[in-house]
Amino acid sequence: GSRGRQLFERGDAAIEQYLQSESPDLLVLWYGTNSVVNEELDLEVYAREFGELLERLRSASPHASCLVLGITDLARNENTCFMTPRERKVMTRKRLSSRQRKYLRRNRESRVCNPDALVRKRGRRERFPVPEARTRKQWNAYIERCKHRTPDHLPTFAAVQKRVALEHGCAFYDVFQFMGGRESIVEWACNASPRLASIDLVHLSGEGYRLLARGVFSTLMEALHGIQPAP
């Protein structure tokens with residue numbers, strides 16, 4: 001996945017030359033997801049590198065305004081949560097065929113949005129899909145343990161983005177708060193109609209991106225209107 005630092009890893013001045021040639025009125029940057037899921041993430045290093053990126057872009061286009069979009073919410077759980085023993089066995093293979101990938105996708109929406117749909121019933125008896133649960137009480141505890149949750153450090157990461165953006169003269173739009181904060185992407189993916197986020201709980205849907213775009217545009221227009229002289 002793309003990260004902001006990759007813009008300059010080639011070591012040449014292609015980005016600066018492009019900006020100087022185009023003379024944009026507004027720079028909009030939206031990075032973060034591929035950094036925040038990095039298990040080796042160092043927030044101090046990220047803040048420094050993100051600041052260097054903004055500094056280089058602003059230096060190359062000093063007359064442009066700058067807007068940083070903050071990270072979206074995302075949610076994760078253990079890879080094997082809600083998977084049957086057979087699904088887990090397929091999951092451990094190094095290479096998956098298209099048929100195997102399709103097999104794993106079969107119950108994906110239920111695993112994310114409605115685990116109870118995975119329970120098989122025969123009369124009053126319930127058969128749970130995972131070996132960890134043999135009773136309804138165990139199943140309910142398993143559901144609670146396996147819920148998709150926002151990474152603990154994500155709000156801090158968003159706050160770092162905001163601090164660095166403001167330090168470098170950029171406006172900041174808090175996408176995480178716009179969505180509703182922790183686990184909001186689960187609501188967007190599972191309960192919104194039309195669906196606003198992908199079932200992967202990382203990307204938004206087309207309608208979700210359009211909703212966010214309208215939110216950003218409305219906020220910009222409100223801010224611009226506020227600084228215009230009265231007629």
# chains A, B, ... in the order shown; residues from 1 in each chain; ligands from 1
call {"tool": "residues_around", "arguments": {"residues": "range 209-222 of chain A", "least_positions_apart": "6", "cutoff": "9 Å", "atoms": "only C-alpha atoms", "output": "list in words"}}
result
Leu69, Tyr173, Val175, Phe178, Met179, Leu196 and Ala197 of chain A
call {"tool": "residues_around", "arguments": {"residues": "Gln6 in chain A", "least_positions_apart": "6", "cutoff": "12 Å", "atoms": "only C-alpha atoms", "output": "list in words"}}
result
Asp12, Ile15, Tyr31, Asn34, Ser35, Glu49, Phe50 and Leu53 of chain A
call {"tool": "closest_residue", "arguments": {"among": "A:Arg58, A:Arg101, A:Arg95, A:Arg182", "to": "Asp152 in chain A", "atoms": "only C-alpha atoms"}}
result
A:Arg182
call {"tool": "residues_around", "arguments": {"residues": "Cys66 in chain A", "least_positions_apart": "3", "cutoff": "8 Å", "atoms": "only C-alpha atoms", "output": "NGL selection string"}}
result
:A and (26-28 or 58 or 169-171)
call {"tool": "select_by_dssp", "arguments": {"residues": "range 61-229 of chain A", "states": "helix (DSSP H, G or I)", "output": "JSON, numbers by chain"}}
result
{"A": [85, 86, 87, 88, 89, 90, 91, 98, 99, 100, 101, 102, 103, 104, 105, 108, 109, 110, 111, 112, 113, 115, 116, 117, 118, 136, 137, 138, 139, 140, 141, 142, 143, 144, 145, 154, 155, 156, 157, 158, 159, 160, 161, 162, 163, 164, 165, 166, 167, 175, 176, 177, 178, 179, 184, 185, 186, 187, 188, 189, 190, 206, 207, 208, 209, 210, 211, 212, 213, 214, 215, 216, 217, 218, 219, 220, 221, 222, 223, 224, 225, 226, 227]}
call {"tool": "write_last_selection", "arguments": {"atoms": "C-alpha atoms", "output": "PDB file, in the first residue's frame"}}
result
ATOM      1  CA  PRO A  85     -11.971 -25.577  11.231  1.00  0.00           C
ATOM      2  CA  ARG A  86     -12.095 -26.207   7.490  1.00  0.00           C
ATOM      3  CA  GLU A  87     -11.941 -22.487   6.685  1.00  0.00           C
ATOM      4  CA  ARG A  88      -8.995 -22.099   9.045  1.00  0.00           C
ATOM      5  CA  LYS A  89      -7.178 -24.925   7.314  1.00  0.00           C
ATOM      6  CA  VAL A  90      -7.649 -23.254   3.934  1.00  0.00           C
ATOM      7  CA  MET A  91      -6.554 -19.933   5.444  1.00  0.00           C
ATOM      8  CA  SER A  98      -9.462 -18.492  -6.948  1.00  0.00           C
ATOM      9  CA  ARG A  99     -11.822 -21.251  -5.817  1.00  0.00           C
ATOM     10  CA  GLN A 100     -10.375 -21.192  -2.305  1.00  0.00           C
ATOM     11  CA  ARG A 101     -10.592 -17.417  -2.140  1.00  0.00           C
ATOM     12  CA  LYS A 102     -14.221 -17.617  -3.188  1.00  0.00           C
ATOM     13  CA  TYR A 103     -14.814 -20.239  -0.497  1.00  0.00           C
ATOM     14  CA  LEU A 104     -13.388 -17.964   2.210  1.00  0.00           C
ATOM     15  CA  ARG A 105     -15.471 -15.029   0.977  1.00  0.00           C
ATOM     16  CA  ARG A 108     -17.407 -13.082   5.067  1.00  0.00           C
ATOM     17  CA  GLU A 109     -20.308 -10.673   5.491  1.00  0.00           C
ATOM     18  CA  SER A 110     -21.845 -12.808   8.238  1.00  0.00           C
ATOM     19  CA  ARG A 111     -18.497 -13.063  10.016  1.00  0.00           C
ATOM     20  CA  VAL A 112     -18.242  -9.263  10.021  1.00  0.00           C
ATOM     21  CA  CYS A 113     -21.818  -8.107  10.495  1.00  0.00           C
ATOM     22  CA  PRO A 115     -22.084 -13.900  13.382  1.00  0.00           C
ATOM     23  CA  ASP A 116     -25.344 -15.431  14.619  1.00  0.00           C
ATOM     24  CA  ALA A 117     -26.195 -16.168  10.982  1.00  0.00           C
ATOM     25  CA  LEU A 118     -23.382 -18.753  11.082  1.00  0.00           C
ATOM     26  CA  ARG A 136     -24.768 -20.299  23.736  1.00  0.00           C
ATOM     27  CA  LYS A 137     -22.926 -18.725  26.683  1.00  0.00           C
ATOM     28  CA  GLN A 138     -19.564 -19.666  25.172  1.00  0.00           C
ATOM     29  CA  TRP A 139     -20.687 -18.406  21.768  1.00  0.00           C
ATOM     30  CA  ASN A 140     -21.764 -15.029  23.169  1.00  0.00           C
ATOM     31  CA  ALA A 141     -18.415 -14.698  24.950  1.00  0.00           C
ATOM     32  CA  TYR A 142     -16.629 -15.623  21.722  1.00  0.00           C
ATOM     33  CA  ILE A 143     -18.571 -12.975  19.781  1.00  0.00           C
ATOM     34  CA  GLU A 144     -17.558 -10.340  22.314  1.00  0.00           C
ATOM     35  CA  ARG A 145     -13.899 -11.382  22.147  1.00  0.00           C
ATOM     36  CA  LEU A 154      -5.637   5.066  15.827  1.00  0.00           C
ATOM     37  CA  PRO A 155      -7.105   8.161  17.579  1.00  0.00           C
ATOM     38  CA  THR A 156      -3.588   9.109  18.725  1.00  0.00           C
ATOM     39  CA  PHE A 157      -2.353   8.651  15.161  1.00  0.00           C
ATOM     40  CA  ALA A 158      -5.101  10.997  13.909  1.00  0.00           C
ATOM     41  CA  ALA A 159      -4.103  13.551  16.549  1.00  0.00           C
ATOM     42  CA  VAL A 160      -0.478  13.371  15.368  1.00  0.00           C
ATOM     43  CA  GLN A 161      -1.597  13.997  11.786  1.00  0.00           C
ATOM     44  CA  LYS A 162      -3.555  17.031  12.926  1.00  0.00           C
ATOM     45  CA  ARG A 163      -0.667  18.452  14.952  1.00  0.00           C
ATOM     46  CA  VAL A 164       1.828  18.044  12.131  1.00  0.00           C
ATOM     47  CA  ALA A 165      -0.583  19.490   9.560  1.00  0.00           C
ATOM     48  CA  LEU A 166      -1.202  22.622  11.611  1.00  0.00           C
ATOM     49  CA  GLU A 167       2.499  23.033  12.361  1.00  0.00           C
ATOM     50  CA  VAL A 175     -12.272  12.131   8.913  1.00  0.00           C
ATOM     51  CA  PHE A 176     -12.206   9.811  11.938  1.00  0.00           C
ATOM     52  CA  GLN A 177     -14.553  12.113  13.871  1.00  0.00           C
ATOM     53  CA  PHE A 178     -16.669  12.790  10.785  1.00  0.00           C
ATOM     54  CA  MET A 179     -17.362   9.069  10.554  1.00  0.00           C
ATOM     55  CA  SER A 184     -17.941   3.731  13.164  1.00  0.00           C
ATOM     56  CA  ILE A 185     -16.743   1.891  10.072  1.00  0.00           C
ATOM     57  CA  VAL A 186     -18.609  -1.203  11.298  1.00  0.00           C
ATOM     58  CA  GLU A 187     -21.798   0.874  11.325  1.00  0.00           C
ATOM     59  CA  TRP A 188     -20.991   2.238   7.884  1.00  0.00           C
ATOM     60  CA  ALA A 189     -20.384  -1.256   6.486  1.00  0.00           C
ATOM     61  CA  CYS A 190     -23.103  -3.234   8.251  1.00  0.00           C
ATOM     62  CA  GLY A 206     -18.487   4.651  -3.494  1.00  0.00           C
ATOM     63  CA  GLU A 207     -21.372   6.228  -1.603  1.00  0.00           C
ATOM     64  CA  GLY A 208     -19.192   6.540   1.499  1.00  0.00           C
ATOM     65  CA  TYR A 209     -16.519   8.427  -0.413  1.00  0.00           C
ATOM     66  CA  ARG A 210     -19.168  10.692  -1.909  1.00  0.00           C
ATOM     67  CA  LEU A 211     -20.605  11.392   1.549  1.00  0.00           C
ATOM     68  CA  LEU A 212     -17.153  12.276   2.847  1.00  0.00           C
ATOM     69  CA  ALA A 213     -16.489  14.495  -0.172  1.00  0.00           C
ATOM     70  CA  ARG A 214     -19.713  16.389   0.495  1.00  0.00           C
ATOM     71  CA  GLY A 215     -18.682  16.822   4.126  1.00  0.00           C
ATOM     72  CA  VAL A 216     -15.268  18.193   3.184  1.00  0.00           C
ATOM     73  CA  PHE A 217     -16.738  20.494   0.536  1.00  0.00           C
ATOM     74  CA  SER A 218     -19.425  21.838   2.877  1.00  0.00           C
ATOM     75  CA  THR A 219     -16.858  22.567   5.582  1.00  0.00           C
ATOM     76  CA  LEU A 220     -14.570  24.360   3.133  1.00  0.00           C
ATOM     77  CA  MET A 221     -17.430  26.456   1.794  1.00  0.00           C
ATOM     78  CA  GLU A 222     -18.548  27.344   5.312  1.00  0.00           C
ATOM     79  CA  ALA A 223     -15.012  28.388   6.231  1.00  0.00           C
ATOM     80  CA  LEU A 224     -14.631  30.467   3.080  1.00  0.00           C
ATOM     81  CA  HIS A 225     -17.988  32.126   3.593  1.00  0.00           C
ATOM     82  CA  GLY A 226     -16.990  33.014   7.131  1.00  0.00           C
ATOM     83  CA  ILE A 227     -13.973  35.035   6.031  1.00  0.00           C
TER      84      ILE A 227
END
call {"tool": "decode", "arguments": {"residues": "range 205-218 of chain A", "atoms": "all heavy atoms", "output": "PDB file, in the first residue's frame"}}
result
ATOM      1  N   SER A 205     -17.150   2.674   0.702  1.00  0.00           N
ATOM      2  CA  SER A 205     -17.824   2.352  -0.555  1.00  0.00           C
ATOM      3  C   SER A 205     -17.870   3.616  -1.410  1.00  0.00           C
ATOM      4  O   SER A 205     -17.509   4.713  -0.961  1.00  0.00           O
ATOM      5  CB  SER A 205     -19.247   1.868  -0.276  1.00  0.00           C
ATOM      6  OG  SER A 205     -20.025   2.936   0.260  1.00  0.00           O
ATOM      7  N   GLY A 206     -18.343   3.470  -2.645  1.00  0.00           N
ATOM      8  CA  GLY A 206     -18.487   4.651  -3.494  1.00  0.00           C
ATOM      9  C   GLY A 206     -19.362   5.699  -2.844  1.00  0.00           C
ATOM     10  O   GLY A 206     -19.041   6.896  -2.839  1.00  0.00           O
ATOM     11  N   GLU A 207     -20.474   5.276  -2.261  1.00  0.00           N
ATOM     12  CA  GLU A 207     -21.372   6.228  -1.603  1.00  0.00           C
ATOM     13  C   GLU A 207     -20.717   6.819  -0.363  1.00  0.00           C
ATOM     14  O   GLU A 207     -20.931   7.988  -0.026  1.00  0.00           O
ATOM     15  CB  GLU A 207     -22.687   5.532  -1.225  1.00  0.00           C
ATOM     16  CG  GLU A 207     -23.759   6.482  -0.694  1.00  0.00           C
ATOM     17  CD  GLU A 207     -24.090   7.613  -1.661  1.00  0.00           C
ATOM     18  OE1 GLU A 207     -24.146   7.353  -2.881  1.00  0.00           O
ATOM     19  OE2 GLU A 207     -24.274   8.762  -1.195  1.00  0.00           O
ATOM     20  N   GLY A 208     -19.899   6.023   0.335  1.00  0.00           N
ATOM     21  CA  GLY A 208     -19.192   6.540   1.499  1.00  0.00           C
ATOM     22  C   GLY A 208     -18.197   7.623   1.134  1.00  0.00           C
ATOM     23  O   GLY A 208     -18.091   8.651   1.811  1.00  0.00           O
ATOM     24  N   TYR A 209     -17.464   7.405   0.041  1.00  0.00           N
ATOM     25  CA  TYR A 209     -16.519   8.427  -0.413  1.00  0.00           C
ATOM     26  C   TYR A 209     -17.251   9.687  -0.851  1.00  0.00           C
ATOM     27  O   TYR A 209     -16.797  10.809  -0.605  1.00  0.00           O
ATOM     28  CB  TYR A 209     -15.657   7.889  -1.555  1.00  0.00           C
ATOM     29  CG  TYR A 209     -14.584   6.915  -1.104  1.00  0.00           C
ATOM     30  CD1 TYR A 209     -14.597   5.589  -1.521  1.00  0.00           C
ATOM     31  CD2 TYR A 209     -13.548   7.336  -0.267  1.00  0.00           C
ATOM     32  CE1 TYR A 209     -13.612   4.697  -1.110  1.00  0.00           C
ATOM     33  CE2 TYR A 209     -12.566   6.451   0.150  1.00  0.00           C
ATOM     34  CZ  TYR A 209     -12.601   5.122  -0.276  1.00  0.00           C
ATOM     35  OH  TYR A 209     -11.627   4.252   0.143  1.00  0.00           O
ATOM     36  N   ARG A 210     -18.390   9.514  -1.495  1.00  0.00           N
ATOM     37  CA  ARG A 210     -19.168  10.692  -1.909  1.00  0.00           C
ATOM     38  C   ARG A 210     -19.692  11.458  -0.697  1.00  0.00           C
ATOM     39  O   ARG A 210     -19.703  12.700  -0.684  1.00  0.00           O
ATOM     40  CB  ARG A 210     -20.319  10.266  -2.832  1.00  0.00           C
ATOM     41  CG  ARG A 210     -19.866   9.920  -4.249  1.00  0.00           C
ATOM     42  CD  ARG A 210     -21.035   9.669  -5.173  1.00  0.00           C
ATOM     43  NE  ARG A 210     -21.663   8.383  -4.912  1.00  0.00           N
ATOM     44  CZ  ARG A 210     -21.295   7.240  -5.483  1.00  0.00           C
ATOM     45  NH1 ARG A 210     -20.281   7.218  -6.329  1.00  0.00           N
ATOM     46  NH2 ARG A 210     -21.928   6.116  -5.204  1.00  0.00           N
ATOM     47  N   LEU A 211     -20.130  10.733   0.325  1.00  0.00           N
ATOM     48  CA  LEU A 211     -20.605  11.392   1.549  1.00  0.00           C
ATOM     49  C   LEU A 211     -19.479  12.180   2.203  1.00  0.00           C
ATOM     50  O   LEU A 211     -19.675  13.325   2.639  1.00  0.00           O
ATOM     51  CB  LEU A 211     -21.149  10.342   2.516  1.00  0.00           C
ATOM     52  CG  LEU A 211     -21.618  10.871   3.881  1.00  0.00           C
ATOM     53  CD1 LEU A 211     -22.808  11.807   3.709  1.00  0.00           C
ATOM     54  CD2 LEU A 211     -21.974   9.704   4.805  1.00  0.00           C
ATOM     55  N   LEU A 212     -18.303  11.577   2.272  1.00  0.00           N
ATOM     56  CA  LEU A 212     -17.153  12.276   2.847  1.00  0.00           C
ATOM     57  C   LEU A 212     -16.792  13.503   2.017  1.00  0.00           C
ATOM     58  O   LEU A 212     -16.507  14.573   2.574  1.00  0.00           O
ATOM     59  CB  LEU A 212     -15.962  11.316   2.926  1.00  0.00           C
ATOM     60  CG  LEU A 212     -14.637  11.926   3.368  1.00  0.00           C
ATOM     61  CD1 LEU A 212     -14.759  12.554   4.741  1.00  0.00           C
ATOM     62  CD2 LEU A 212     -13.540  10.865   3.344  1.00  0.00           C
ATOM     63  N   ALA A 213     -16.812  13.358   0.700  1.00  0.00           N
ATOM     64  CA  ALA A 213     -16.489  14.495  -0.172  1.00  0.00           C
ATOM     65  C   ALA A 213     -17.453  15.652   0.064  1.00  0.00           C
ATOM     66  O   ALA A 213     -17.037  16.818   0.113  1.00  0.00           O
ATOM     67  CB  ALA A 213     -16.527  14.057  -1.637  1.00  0.00           C
ATOM     68  N   ARG A 214     -18.731  15.324   0.220  1.00  0.00           N
ATOM     69  CA  ARG A 214     -19.713  16.389   0.495  1.00  0.00           C
ATOM     70  C   ARG A 214     -19.435  17.046   1.840  1.00  0.00           C
ATOM     71  O   ARG A 214     -19.593  18.268   1.995  1.00  0.00           O
ATOM     72  CB  ARG A 214     -21.128  15.807   0.457  1.00  0.00           C
ATOM     73  CG  ARG A 214     -21.605  15.423  -0.937  1.00  0.00           C
ATOM     74  CD  ARG A 214     -23.100  15.167  -0.982  1.00  0.00           C
ATOM     75  NE  ARG A 214     -23.479  13.966  -0.247  1.00  0.00           N
ATOM     76  CZ  ARG A 214     -23.560  12.750  -0.776  1.00  0.00           C
ATOM     77  NH1 ARG A 214     -23.263  12.567  -2.065  1.00  0.00           N
ATOM     78  NH2 ARG A 214     -23.918  11.711  -0.049  1.00  0.00           N
ATOM     79  N   GLY A 215     -19.006  16.254   2.830  1.00  0.00           N
ATOM     80  CA  GLY A 215     -18.682  16.822   4.126  1.00  0.00           C
ATOM     81  C   GLY A 215     -17.488  17.762   4.051  1.00  0.00           C
ATOM     82  O   GLY A 215     -17.511  18.853   4.638  1.00  0.00           O
ATOM     83  N   VAL A 216     -16.452  17.345   3.341  1.00  0.00           N
ATOM     84  CA  VAL A 216     -15.268  18.193   3.184  1.00  0.00           C
ATOM     85  C   VAL A 216     -15.629  19.468   2.440  1.00  0.00           C
ATOM     86  O   VAL A 216     -15.265  20.582   2.855  1.00  0.00           O
ATOM     87  CB  VAL A 216     -14.152  17.439   2.438  1.00  0.00           C
ATOM     88  CG1 VAL A 216     -12.973  18.370   2.141  1.00  0.00           C
ATOM     89  CG2 VAL A 216     -13.678  16.237   3.261  1.00  0.00           C
ATOM     90  N   PHE A 217     -16.372  19.332   1.346  1.00  0.00           N
ATOM     91  CA  PHE A 217     -16.738  20.494   0.536  1.00  0.00           C
ATOM     92  C   PHE A 217     -17.589  21.475   1.347  1.00  0.00           C
ATOM     93  O   PHE A 217     -17.356  22.690   1.318  1.00  0.00           O
ATOM     94  CB  PHE A 217     -17.504  20.035  -0.702  1.00  0.00           C
ATOM     95  CG  PHE A 217     -17.910  21.158  -1.614  1.00  0.00           C
ATOM     96  CD1 PHE A 217     -16.987  21.750  -2.460  1.00  0.00           C
ATOM     97  CD2 PHE A 217     -19.214  21.628  -1.620  1.00  0.00           C
ATOM     98  CE1 PHE A 217     -17.356  22.791  -3.300  1.00  0.00           C
ATOM     99  CE2 PHE A 217     -19.590  22.673  -2.455  1.00  0.00           C
ATOM    100  CZ  PHE A 217     -18.662  23.253  -3.298  1.00  0.00           C
ATOM    101  N   SER A 218     -18.557  20.962   2.080  1.00  0.00           N
ATOM    102  CA  SER A 218     -19.425  21.838   2.877  1.00  0.00           C
ATOM    103  C   SER A 218     -18.623  22.598   3.930  1.00  0.00           C
ATOM    104  O   SER A 218     -18.851  23.793   4.162  1.00  0.00           O
ATOM    105  CB  SER A 218     -20.523  21.018   3.560  1.00  0.00           C
ATOM    106  OG  SER A 218     -21.375  20.426   2.609  1.00  0.00           O
TER     107      SER A 218
END
